[in-house]
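Participant: Quick one: structure below, then a few questions.
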Amino acid sequence: MRTVMLLAAGVWVVSPLSAQTPAHDPSSTLEQVLPPDVAQQVLAHIADARSRQLPAAALEHRALELTAKGVAPAEVSKAVAEQEEAMAKGKAALASGGRSHPSDDEVDAAGTVVGKGVDGPTVSALAQSAPSGRSLAVPLAVLSSLVDRGLPSDAALQKVVARLQAHATDQELADLPAQAAEGQAHKPATTGQALAATKRPDHAGPPSSVPVNGGRDVRPTTPAAGGKPDHPRGRP
């Protein structure tokens, strides 16, 4: 398992050229950790991704990563196929946003965002909002992280775009998810009218400090002459 994890780490950082034309044959590595039929399926997806100008090395890394985590081989093949399609959609969305030649890192990050349910127009909007020439790999990764933390994609997009327009560095962008989580931790769970309702007593009526009779002086009635005061029933 340690060997697989090290191999996965070794193919994660690649240049765009090596992603399209890998320096090593992935078949030997995948065949060592996957059943033959599954390895062939994964290799077919890698070859198809390369033909579509997608970062094929990212698919190899995904397969090795999932295998190291003990994921069933059939699920590994399915995940690789899903990632390939997500990267294709992400690349198309980047192109629609003006990035006609995105880097492999950008396509991989866009695929991750799409795979988490963020739609293409959101990815395109991010590409359109970013300064010209700036890599979108980190902004897309931050967008993905914010969505992971439960933030709606439109709200996450607004936060990332605001930072980009403020010329935030990649490190400042990377700090955004933690800052958003901290803000959520200090936000009251109940707000507005619901919060006000929790501050009111459960029933209407005067405060307990005000007598029920409204403060009037009520004196006991003097019994008539010759009469006897009534006693509570059951007492002599």
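Within each chain, counting starts at residue 1; across the structure tokens, chains are named A, B, ... in the order shown, with ligands numbered 1 upward in that order.
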Residues of segment 88-152 of chain A classed as alpha helix (DSSP H) by DSSP on the backbone are to be reported as a VMD selection string.
Facilitator: chain A and resid 88 to 96 104 to 115 120 to 129 137 to 148
Participant: Create the file for the chosen residues now, containing C-alpha atoms and written as a JSON list (two decimals), in the first residue's frame.
Facilitator:
```json
[["chain", "number", "residue", "atom", "x", "y", "z"],
["A", 88, "ALA", "CA", -14.16, 16.92, -20.45],
["A", 89, "LYS", "CA", -17.09, 19.02, -19.17],
["A", 90, "GLY", "CA", -14.78, 21.17, -17.10],
["A", 91, "LYS", "CA", -12.51, 21.83, -20.05],
["A", 92, "ALA", "CA", -15.50, 22.82, -22.21],
["A", 93, "ALA", "CA", -16.69, 25.18, -19.46],
["A", 94, "LEU", "CA", -13.25, 26.80, -19.23],
["A", 95, "ALA", "CA", -13.26, 27.29, -22.99],
["A", 96, "SER", "CA", -16.68, 28.95, -22.77],
["A", 104, "ASP", "CA", -3.69, 20.24, -17.39],
["A", 105, "ASP", "CA", -3.84, 21.42, -13.78],
["A", 106, "GLU", "CA", -6.73, 23.73, -14.63],
["A", 107, "VAL", "CA", -8.63, 20.98, -16.48],
["A", 108, "ASP", "CA", -8.06, 18.55, -13.63],
["A", 109, "ALA", "CA", -9.30, 21.12, -11.07],
["A", 110, "ALA", "CA", -12.29, 22.00, -13.23],
["A", 111, "GLY", "CA", -13.13, 18.31, -13.50],
["A", 112, "THR", "CA", -13.03, 17.97, -9.72],
["A", 113, "VAL", "CA", -15.42, 20.90, -9.33],
["A", 114, "VAL", "CA", -17.82, 19.53, -11.95],
["A", 115, "GLY", "CA", -17.66, 16.10, -10.33],
["A", 120, "GLY", "CA", -20.55, 24.48, -16.24],
["A", 121, "PRO", "CA", -21.77, 28.10, -16.21],
["A", 122, "THR", "CA", -20.28, 28.56, -12.73],
["A", 123, "VAL", "CA", -16.91, 27.33, -13.95],
["A", 124, "SER", "CA", -17.19, 29.59, -17.00],
["A", 125, "ALA", "CA", -18.04, 32.58, -14.81],
["A", 126, "LEU", "CA", -14.95, 31.98, -12.72],
["A", 127, "ALA", "CA", -12.79, 31.79, -15.84],
["A", 128, "GLN", "CA", -14.27, 35.05, -17.14],
["A", 129, "SER", "CA", -13.71, 36.84, -13.83],
["A", 137, "ALA", "CA", -5.96, 25.78, -10.70],
["A", 138, "VAL", "CA", -5.94, 27.25, -7.17],
["A", 139, "PRO", "CA", -9.17, 29.30, -7.55],
["A", 140, "LEU", "CA", -10.97, 26.19, -8.80],
["A", 141, "ALA", "CA", -9.56, 24.11, -5.95],
["A", 142, "VAL", "CA", -10.75, 26.74, -3.45],
["A", 143, "LEU", "CA", -14.19, 26.78, -5.07],
["A", 144, "SER", "CA", -14.29, 23.00, -4.72],
["A", 145, "SER", "CA", -13.28, 23.20, -1.06],
["A", 146, "LEU", "CA", -15.96, 25.78, -0.27],
["A", 147, "VAL", "CA", -18.61, 23.58, -1.88],
["A", 148, "ASP", "CA", -17.31, 20.65, 0.18]]
```
Participant: Identify, on the basis of only C-alpha atoms, every residue whose closest approach to Glu84 of chain A does not exceed 8 Å; exclude the query and any residue fewer than 3 positions from it along the same chain; express the result as a list in words.
Facilitator: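 Surrounding residues, per the criterion: His45, Ala49, Leu54, Leu59, Val80, Ala81, Met87, Ala88 and Gly111 of chain A.
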Participant: Would you pick out the contacts of His167 of chain A at 12 Å or less, using only C-alpha atoms, so that residues sharing its chain but fewer than 5 positions from it are not included, and give the list as a PyMOL selection string?
Facilitator: chain A and resi 129-132+134+139+160-162+172-173
Participant: Can those selected residues be exported to a file as a PDB file, in the first residue's frame so that it contains N, CA and C atoms?
Facilitator:
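Just written: again_11.pdb:
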```
ATOM      1  N   SER A 129     -13.992  35.829 -14.848  1.00  0.00           N
ATOM      2  CA  SER A 129     -13.712  36.839 -13.826  1.00  0.00           C
ATOM      3  C   SER A 129     -12.238  36.918 -13.448  1.00  0.00           C
ATOM      4  N   ALA A 130     -11.491  35.882 -13.745  1.00  0.00           N
ATOM      5  CA  ALA A 130     -10.082  35.853 -13.340  1.00  0.00           C
ATOM      6  C   ALA A 130      -9.245  36.779 -14.217  1.00  0.00           C
ATOM      7  N   PRO A 131      -8.231  37.383 -13.632  1.00  0.00           N
ATOM      8  CA  PRO A 131      -7.333  38.223 -14.440  1.00  0.00           C
ATOM      9  C   PRO A 131      -6.688  37.415 -15.558  1.00  0.00           C
ATOM     10  N   SER A 132      -6.450  38.054 -16.669  1.00  0.00           N
ATOM     11  CA  SER A 132      -5.851  37.385 -17.816  1.00  0.00           C
ATOM     12  C   SER A 132      -4.462  36.857 -17.468  1.00  0.00           C
ATOM     13  N   ARG A 134      -3.722  34.520 -15.349  1.00  0.00           N
ATOM     14  CA  ARG A 134      -3.603  33.890 -14.031  1.00  0.00           C
ATOM     15  C   ARG A 134      -4.119  32.457 -14.089  1.00  0.00           C
ATOM     16  N   PRO A 139      -7.791  28.814  -7.732  1.00  0.00           N
ATOM     17  CA  PRO A 139      -9.165  29.298  -7.555  1.00  0.00           C
ATOM     18  C   PRO A 139     -10.207  28.203  -7.688  1.00  0.00           C
ATOM     19  N   VAL A 160     -14.802  33.622  -4.193  1.00  0.00           N
ATOM     20  CA  VAL A 160     -13.559  33.431  -4.939  1.00  0.00           C
ATOM     21  C   VAL A 160     -13.336  34.588  -5.910  1.00  0.00           C
ATOM     22  N   VAL A 161     -14.384  34.997  -6.601  1.00  0.00           N
ATOM     23  CA  VAL A 161     -14.261  36.091  -7.560  1.00  0.00           C
ATOM     24  C   VAL A 161     -13.865  37.388  -6.851  1.00  0.00           C
ATOM     25  N   ALA A 162     -14.446  37.629  -5.677  1.00  0.00           N
ATOM     26  CA  ALA A 162     -14.101  38.842  -4.920  1.00  0.00           C
ATOM     27  C   ALA A 162     -12.619  38.853  -4.578  1.00  0.00           C
ATOM     28  N   GLU A 172      -3.481  33.488  -0.164  1.00  0.00           N
ATOM     29  CA  GLU A 172      -4.639  34.168   0.413  1.00  0.00           C
ATOM     30  C   GLU A 172      -5.937  33.493  -0.022  1.00  0.00           C
ATOM     31  N   LEU A 173      -5.959  33.037  -1.254  1.00  0.00           N
ATOM     32  CA  LEU A 173      -7.121  32.289  -1.725  1.00  0.00           C
ATOM     33  C   LEU A 173      -7.257  30.965  -0.974  1.00  0.00           C
TER      34      LEU A 173
END
```
Participant: Do a neighbour search on Val38 of chain A at 12 Å with only C-alpha atoms, toss out local chain neighbours closer than 4 positions, and write the hits as a list in words.
Facilitator: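 Near Val38 of chain A, the qualifying residues are Ser27, Leu30, Glu31, Gln32, Val33, Leu34, Val42, Leu43, Ala44, His45, Ala63, Thr67, Ala72, Pro73, Ala74, Glu75, Val76, Ser77, Lys78, Ala79, Val80 and Ala81 of chain A.
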Participant: Go ahead and write the residues just picked, C-alpha atoms, as a compact mmCIF listing (two decimals), in the first residue's frame.
Facilitator:
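After the write, again-v6.txt holds the following:
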```txt
# COMPACT_ATOMS: atom_id res chain seq x y z
CA SER A 27 0.13 -0.30 -17.73
CA LEU A 30 -1.77 -0.47 -12.83
CA GLU A 31 -1.45 -4.16 -13.62
CA GLN A 32 0.46 -4.61 -10.37
CA VAL A 33 -2.35 -3.24 -8.21
CA LEU A 34 -5.52 -4.04 -10.16
CA VAL A 42 -8.61 1.93 -16.69
CA LEU A 43 -5.91 1.93 -19.35
CA ALA A 44 -8.60 2.32 -22.02
CA HIS A 45 -9.93 5.41 -20.23
CA ALA A 63 -6.86 4.87 -9.94
CA THR A 67 -6.67 1.40 -4.87
CA ALA A 72 -13.20 -2.22 -4.82
CA PRO A 73 -11.65 -2.63 -8.31
CA ALA A 74 -14.98 -2.26 -10.09
CA GLU A 75 -15.56 1.04 -8.30
CA VAL A 76 -12.09 2.21 -9.28
CA SER A 77 -12.88 1.73 -12.97
CA LYS A 78 -16.22 3.53 -12.54
CA ALA A 79 -14.60 6.47 -10.73
CA VAL A 80 -11.96 6.85 -13.44
CA ALA A 81 -14.64 6.88 -16.15
```
